Amino acid sequence: MKISEGVIIDHLPPWSAPGLLALLRLKERSERLYAALNVPSTRMGCKDILWIQAYWPDPADFFRIQVVAPEATLVFVEKGVKTASVCPVLPEMLEQLVLCSNPRCITRVEEVPHKVKVLSQDELAFQCHYCQTRFDKKELQFA
Amino acid sequence: MNLSTASSSTLSVGHLVSILDLSQSDIDLVLDRADKLGCERQWAGRQVALLFYENSTRTYNSFRTAVHRLGGSTCGFSGVEGTSVQKGESLHDTIRMFESYADLIVLRHPNDGAARWAADISSVPVINAGDGQNEHPTQTLLDLHAIKKTQGRLNNLKVALVGDLLYGRTVRSLSQALSRFAGNTLYLVSPPFLRLPGPLKRWLREQGINIEERATLDEVIPEIDICYMTRVQKERMSGIDEFLRVEHSYRLTPRHLEEAKPTMKVLHPLPRVKEIAVEVDQTPHAYYFEQAKGGVPVRLALLELMRERAIL
C-alpha cells in the first residue's frame, strides 16, 4: 500500500477502522484510502491499519483517534517518505471536542464553549471545567 | 486580578466558585476575620449584584445584610419572575449587563457549573451562592465556622453527613473542604439511592480522607463530633416515593442523642423539614440556629477580603 502524502494510522484495534473513518468524517472523500482489517500483529495479535492520502489530522482528530485506539501510532508521509511517527497525546484541556456527561450542566442549556479537563490519559478520565462532573470513556459524547 | 499581589493576609483567588478555589490558609483567613469584624464601610459607594435565579431566604438576606453593613448597596433579583430571564435572556447576557452595574456578583443558579461560566465571562469577581447540585461554597464557610467554634479545630474530626447526599450541594462542598484538613473521617449515612456520587467519593479518598458508609444514624452517633443533617432535595428529584418509605431512618430524634458525646453538635444548612425532630432543638447538641447566625459575619468577612484583594 503506498501513499505519497498523508498519514498511516497503525495499531488500531481489529475492526475499529470503519468506525474511526466515520468519526474522522473521512468516508466521503475522493482521495485514496487503503484499509487492512484484522491483520496479524506481533504487538497486538490482530490489528487494523489505515493509509490515508492527503490527510493530516488536526488536534480534534488526534483526540478522536486516541479515544478509539489508545495505542495507535501515526506515521506521516511526505513525498513518499515516512517523516515522523507519533502517538496521540491529549492536551490538558479539550475545548469544543467533548460534551459534559451531566444533563444538568450549564453547557446543556446555554451556548457555552465545551471545556473538559483530561484527568487521565491512560484511562481516558475527564472532568467538566464548569460543573466538575467526572466521567470516563463509557460516557463520552463528542461535541 | 493579579495573583502575584496576594499575600498571606489576602485571599489567593479573585472569584469564589468552588470551595476548592480556597486554600487552607484562605479558609483560615475568612474564619478568623469573621470573628474579628470591625465593619469598616469598605463597600461605601459600591454595589453588589445579587442574582438569585432560585429562591433563597438565608443566603440572599445574609449577603444583602453584609453588603449594607459594609456601606454598600445591592441590585439584582431573588427569583426570576418579572426579569428578562423570563423573556429568555441567557446567563451570559445577564452577567455582561450586571458587571457594568456592580463591583461584584453573587450568583445562585439552578444549573450545575453556572457560576464557573459566569466567572469566566465576568470582568468583576463572582461568588457562587449555589449552582444546581454542584456547590455552595459560602454555606461551607459558615459550616466550617460553626465546626471550628464548637470543636476548636477543623482536623482530626469525625463527621457524619446524613440524608440526601446525592442532590445536596452543601454536602459536596463541605466534604471537599474537610479533605483540605488532615485526619478527618466522614461517615456517610443515607439510603442507597441517595449516596454521595462514586467519582466524588473516589476523589475524596485520593485526598487522604477516611470515608465509611453506614446505613443508620444509630451506628455512628456515639463516635462522631459533628452530625451534619440535610434535607431531601425534593425539587431536584423526579420521584421521592422510595425516600418517603425510609425517611424515618434518617430523622434525628432525642433518642439518638442519648449515646452522643457531650461535645457533639448537630448542624444543618437549613431549611429543616422533617429530618430533625423539633425536640432536638432543646438539647445541648442542637447548633443549627447558631450555625445560621454565622451567615452574616462569614459573608461579611468574605466580602471584606475580596474588596481588600481588589484594591491591592
# chains A, B, ... in the order shown; residues from 1 in each chain; ligands from 1

call {"tool": "interface_residues", "arguments": {"of": "chain A", "to": "chain B", "cutoff": "10 Å", "atoms": "only C-alpha atoms", "output": "PyMOL selection string"}}
result
chain A and resi 102-113+128-135

call {"tool": "residues_around", "arguments": {"residues": "segment 6-18 of chain A", "least_positions_apart": "5", "cutoff": "6 Å", "atoms": "only C-alpha atoms", "output": "ChimeraX atom specification"}}
result
/A:37-38,46-55,69,72-77

call {"tool": "write_last_selection", "arguments": {"atoms": "N, CA and C atoms", "output": "compact mmCIF listing (two decimals), in the first residue's frame"}}
result
# COMPACT_ATOMS: atom_id res chain seq x y z
N LEU A 37 -7.82 -4.84 7.50
CA LEU A 37 -8.63 -5.16 8.68
C LEU A 37 -8.24 -6.52 9.25
N ASN A 38 -8.09 -6.55 10.55
CA ASN A 38 -7.87 -7.80 11.27
C ASN A 38 -6.65 -8.56 10.75
N CYS A 46 -3.94 -9.12 16.58
CA CYS A 46 -4.56 -8.67 15.34
C CYS A 46 -4.74 -7.16 15.40
N LYS A 47 -4.77 -6.53 14.22
CA LYS A 47 -4.92 -5.07 14.22
C LYS A 47 -5.51 -4.62 12.89
N ASP A 48 -5.92 -3.34 12.85
CA ASP A 48 -6.29 -2.68 11.61
C ASP A 48 -5.22 -1.63 11.29
N ILE A 49 -5.08 -1.32 10.02
CA ILE A 49 -4.18 -0.23 9.59
C ILE A 49 -4.91 0.60 8.54
N LEU A 50 -4.69 1.91 8.58
CA LEU A 50 -5.26 2.79 7.55
C LEU A 50 -4.13 3.57 6.89
N TRP A 51 -4.18 3.66 5.54
CA TRP A 51 -3.28 4.53 4.79
C TRP A 51 -4.16 5.60 4.15
N ILE A 52 -4.00 6.85 4.51
CA ILE A 52 -4.95 7.88 4.06
C ILE A 52 -4.18 8.97 3.31
N GLN A 53 -4.49 9.09 2.04
CA GLN A 53 -3.83 10.07 1.17
C GLN A 53 -4.34 11.48 1.47
N ALA A 54 -3.44 12.43 1.49
CA ALA A 54 -3.77 13.86 1.60
C ALA A 54 -4.63 14.17 2.83
N TYR A 55 -4.22 13.62 3.93
CA TYR A 55 -4.96 13.88 5.19
C TYR A 55 -3.94 14.12 6.31
N ALA A 69 -8.52 4.28 19.69
CA ALA A 69 -7.34 3.42 19.67
C ALA A 69 -6.22 4.03 20.52
N ALA A 72 -2.67 3.64 19.24
CA ALA A 72 -2.41 3.90 17.83
C ALA A 72 -1.08 4.63 17.61
N THR A 73 -0.48 4.37 16.45
CA THR A 73 0.71 5.09 16.02
C THR A 73 0.38 5.79 14.71
N LEU A 74 0.78 7.05 14.59
CA LEU A 74 0.55 7.80 13.36
C LEU A 74 1.89 8.03 12.67
N VAL A 75 1.97 7.62 11.42
CA VAL A 75 3.19 7.82 10.65
C VAL A 75 2.87 8.80 9.52
N PHE A 76 3.57 9.91 9.52
CA PHE A 76 3.31 10.92 8.48
C PHE A 76 4.19 10.65 7.25
N VAL A 77 3.61 10.87 6.09
CA VAL A 77 4.31 10.61 4.83
C VAL A 77 4.33 11.88 3.99

call {"tool": "residues_around", "arguments": {"residues": "Ile147 of chain B", "least_positions_apart": "6", "cutoff": "9 Å", "atoms": "only C-alpha atoms", "output": "list in words"}}
result
Arg153, Leu154, Asp225, Ile226, Lys265, Leu267 and Gln291 of chain B

call {"tool": "select_by_dssp", "arguments": {"residues": "segment 174-242 of chain B", "states": "strand (DSSP E)", "output": "list in words"}}
result
Thr185, Leu186, Tyr187, Leu188, Val189, Asn210, Ile211, Glu212, Glu213, Arg214, Ile226, Cys227, Tyr228 and Met229 of chain B

call {"tool": "residues_around", "arguments": {"residues": "Val106 of chain B", "least_positions_apart": "3", "cutoff": "8 Å", "atoms": "only C-alpha atoms", "output": "PyMOL selection string"}}
result
chain B and resi 48-52+126-129

call {"tool": "write_last_selection", "arguments": {"atoms": "all heavy atoms", "output": "PDB file, in the first residue's frame"}}
result
ATOM      1  N   VAL B  48     -23.191  45.649  44.921  1.00  0.00           N
ATOM      2  CA  VAL B  48     -23.077  44.199  44.716  1.00  0.00           C
ATOM      3  C   VAL B  48     -24.362  43.724  44.049  1.00  0.00           C
ATOM      4  O   VAL B  48     -25.459  44.060  44.502  1.00  0.00           O
ATOM      5  CB  VAL B  48     -22.868  43.466  46.062  1.00  0.00           C
ATOM      6  CG1 VAL B  48     -22.944  41.948  45.866  1.00  0.00           C
ATOM      7  CG2 VAL B  48     -21.524  43.847  46.681  1.00  0.00           C
ATOM      8  N   ALA B  49     -24.209  42.969  42.960  1.00  0.00           N
ATOM      9  CA  ALA B  49     -25.385  42.403  42.279  1.00  0.00           C
ATOM     10  C   ALA B  49     -25.698  41.039  42.886  1.00  0.00           C
ATOM     11  O   ALA B  49     -24.832  40.163  42.926  1.00  0.00           O
ATOM     12  CB  ALA B  49     -25.108  42.264  40.789  1.00  0.00           C
ATOM     13  N   LEU B  50     -26.918  40.888  43.388  1.00  0.00           N
ATOM     14  CA  LEU B  50     -27.376  39.600  43.916  1.00  0.00           C
ATOM     15  C   LEU B  50     -28.297  38.992  42.859  1.00  0.00           C
ATOM     16  O   LEU B  50     -29.440  39.429  42.704  1.00  0.00           O
ATOM     17  CB  LEU B  50     -28.121  39.795  45.239  1.00  0.00           C
ATOM     18  CG  LEU B  50     -27.353  40.515  46.352  1.00  0.00           C
ATOM     19  CD1 LEU B  50     -28.244  40.696  47.585  1.00  0.00           C
ATOM     20  CD2 LEU B  50     -26.097  39.754  46.745  1.00  0.00           C
ATOM     21  N   LEU B  51     -27.781  38.040  42.105  1.00  0.00           N
ATOM     22  CA  LEU B  51     -28.552  37.431  41.009  1.00  0.00           C
ATOM     23  C   LEU B  51     -28.967  36.027  41.449  1.00  0.00           C
ATOM     24  O   LEU B  51     -28.201  35.075  41.331  1.00  0.00           O
ATOM     25  CB  LEU B  51     -27.711  37.370  39.732  1.00  0.00           C
ATOM     26  CG  LEU B  51     -27.048  38.688  39.301  1.00  0.00           C
ATOM     27  CD1 LEU B  51     -26.314  38.510  37.974  1.00  0.00           C
ATOM     28  CD2 LEU B  51     -28.052  39.823  39.209  1.00  0.00           C
ATOM     29  N   PHE B  52     -30.162  35.929  41.980  1.00  0.00           N
ATOM     30  CA  PHE B  52     -30.658  34.660  42.521  1.00  0.00           C
ATOM     31  C   PHE B  52     -31.747  34.113  41.602  1.00  0.00           C
ATOM     32  O   PHE B  52     -32.901  34.542  41.674  1.00  0.00           O
ATOM     33  CB  PHE B  52     -31.166  34.851  43.961  1.00  0.00           C
ATOM     34  CG  PHE B  52     -30.057  34.846  44.973  1.00  0.00           C
ATOM     35  CD1 PHE B  52     -29.032  35.776  44.911  1.00  0.00           C
ATOM     36  CD2 PHE B  52     -30.027  33.898  45.983  1.00  0.00           C
ATOM     37  CE1 PHE B  52     -27.989  35.763  45.825  1.00  0.00           C
ATOM     38  CE2 PHE B  52     -28.986  33.874  46.910  1.00  0.00           C
ATOM     39  CZ  PHE B  52     -27.969  34.802  46.832  1.00  0.00           C
ATOM     40  N   VAL B 126     -16.901  37.023  41.015  1.00  0.00           N
ATOM     41  CA  VAL B 126     -18.154  36.282  41.145  1.00  0.00           C
ATOM     42  C   VAL B 126     -18.061  35.376  42.374  1.00  0.00           C
ATOM     43  O   VAL B 126     -17.059  34.696  42.586  1.00  0.00           O
ATOM     44  CB  VAL B 126     -18.429  35.413  39.892  1.00  0.00           C
ATOM     45  CG1 VAL B 126     -19.618  34.479  40.114  1.00  0.00           C
ATOM     46  CG2 VAL B 126     -18.675  36.297  38.671  1.00  0.00           C
ATOM     47  N   ILE B 127     -19.125  35.390  43.185  1.00  0.00           N
ATOM     48  CA  ILE B 127     -19.233  34.458  44.308  1.00  0.00           C
ATOM     49  C   ILE B 127     -20.385  33.509  43.994  1.00  0.00           C
ATOM     50  O   ILE B 127     -21.490  33.952  43.667  1.00  0.00           O
ATOM     51  CB  ILE B 127     -19.504  35.196  45.636  1.00  0.00           C
ATOM     52  CG1 ILE B 127     -18.308  36.079  46.021  1.00  0.00           C
ATOM     53  CG2 ILE B 127     -19.778  34.188  46.757  1.00  0.00           C
ATOM     54  CD1 ILE B 127     -18.532  36.904  47.289  1.00  0.00           C
ATOM     55  N   ASN B 128     -20.118  32.223  44.122  1.00  0.00           N
ATOM     56  CA  ASN B 128     -21.137  31.206  43.882  1.00  0.00           C
ATOM     57  C   ASN B 128     -21.997  31.052  45.140  1.00  0.00           C
ATOM     58  O   ASN B 128     -21.507  30.645  46.187  1.00  0.00           O
ATOM     59  CB  ASN B 128     -20.438  29.880  43.544  1.00  0.00           C
ATOM     60  CG  ASN B 128     -21.414  28.759  43.251  1.00  0.00           C
ATOM     61  OD1 ASN B 128     -22.630  28.978  43.219  1.00  0.00           O
ATOM     62  ND2 ASN B 128     -20.882  27.563  43.031  1.00  0.00           N
ATOM     63  N   ALA B 129     -23.280  31.372  44.998  1.00  0.00           N
ATOM     64  CA  ALA B 129     -24.204  31.206  46.133  1.00  0.00           C
ATOM     65  C   ALA B 129     -25.059  29.952  45.941  1.00  0.00           C
ATOM     66  O   ALA B 129     -26.162  29.861  46.474  1.00  0.00           O
ATOM     67  CB  ALA B 129     -25.086  32.438  46.267  1.00  0.00           C
TER      68      ALA B 129
END

call {"tool": "closest_residue", "arguments": {"among": "B:Gln24, B:Thr253, B:Gln151, B:Thr230", "to": "Asp164 of chain B", "atoms": "only C-alpha atoms"}}
result
B:Thr230

call {"tool": "atom_distance", "arguments": {"atom1": "atom CA of Leu97 of chain A", "atom2": "atom CA of Ala22 of chain A"}}
result
15.7 Å

call {"tool": "residues_around", "arguments": {"residues": "Leu94 of chain A", "least_positions_apart": "6", "cutoff": "8 Å", "atoms": "only C-alpha atoms", "output": "JSON, numbers by chain"}}
result
{"A": [114, 115, 116, 117, 118]}

call {"tool": "write_last_selection", "arguments": {"atoms": "N, CA, C and O atoms", "output": "PDB file, in the first residue's frame"}}
result
ATOM      1  N   HIS A 114     -17.664  24.221  25.181  1.00  0.00           N
ATOM      2  CA  HIS A 114     -17.424  22.988  25.942  1.00  0.00           C
ATOM      3  C   HIS A 114     -15.947  22.903  26.328  1.00  0.00           C
ATOM      4  O   HIS A 114     -15.066  22.995  25.470  1.00  0.00           O
ATOM      5  N   LYS A 115     -15.698  22.741  27.620  1.00  0.00           N
ATOM      6  CA  LYS A 115     -14.319  22.621  28.101  1.00  0.00           C
ATOM      7  C   LYS A 115     -14.260  21.448  29.065  1.00  0.00           C
ATOM      8  O   LYS A 115     -15.007  21.426  30.061  1.00  0.00           O
ATOM      9  N   VAL A 116     -13.387  20.516  28.776  1.00  0.00           N
ATOM     10  CA  VAL A 116     -13.276  19.318  29.602  1.00  0.00           C
ATOM     11  C   VAL A 116     -11.804  19.070  29.915  1.00  0.00           C
ATOM     12  O   VAL A 116     -10.974  19.033  29.002  1.00  0.00           O
ATOM     13  N   LYS A 117     -11.494  18.922  31.199  1.00  0.00           N
ATOM     14  CA  LYS A 117     -10.116  18.620  31.599  1.00  0.00           C
ATOM     15  C   LYS A 117      -9.838  17.137  31.404  1.00  0.00           C
ATOM     16  O   LYS A 117     -10.721  16.305  31.648  1.00  0.00           O
ATOM     17  N   VAL A 118      -8.621  16.816  31.013  1.00  0.00           N
ATOM     18  CA  VAL A 118      -8.224  15.405  30.912  1.00  0.00           C
ATOM     19  C   VAL A 118      -7.575  15.023  32.235  1.00  0.00           C
ATOM     20  O   VAL A 118      -6.497  15.515  32.583  1.00  0.00           O
TER      21      VAL A 118
END

call {"tool": "closest_residue", "arguments": {"among": "B:Arg205, B:Arg46, B:His256, B:Arg231", "to": "Asp103 of chain B", "atoms": "only C-alpha atoms"}}
result
B:Arg46

call {"tool": "atom_distance", "arguments": {"atom1": "atom CA of Thr57 of chain B", "atom2": "atom CA of Pro269 of chain B"}}
result
11.7 Å

call {"tool": "closest_residue", "arguments": {"among": "B:Glu206, B:Val171, B:Ala310, B:Val266", "to": "Ser123 of chain B", "atoms": "only C-alpha atoms"}}
result
B:Ala310
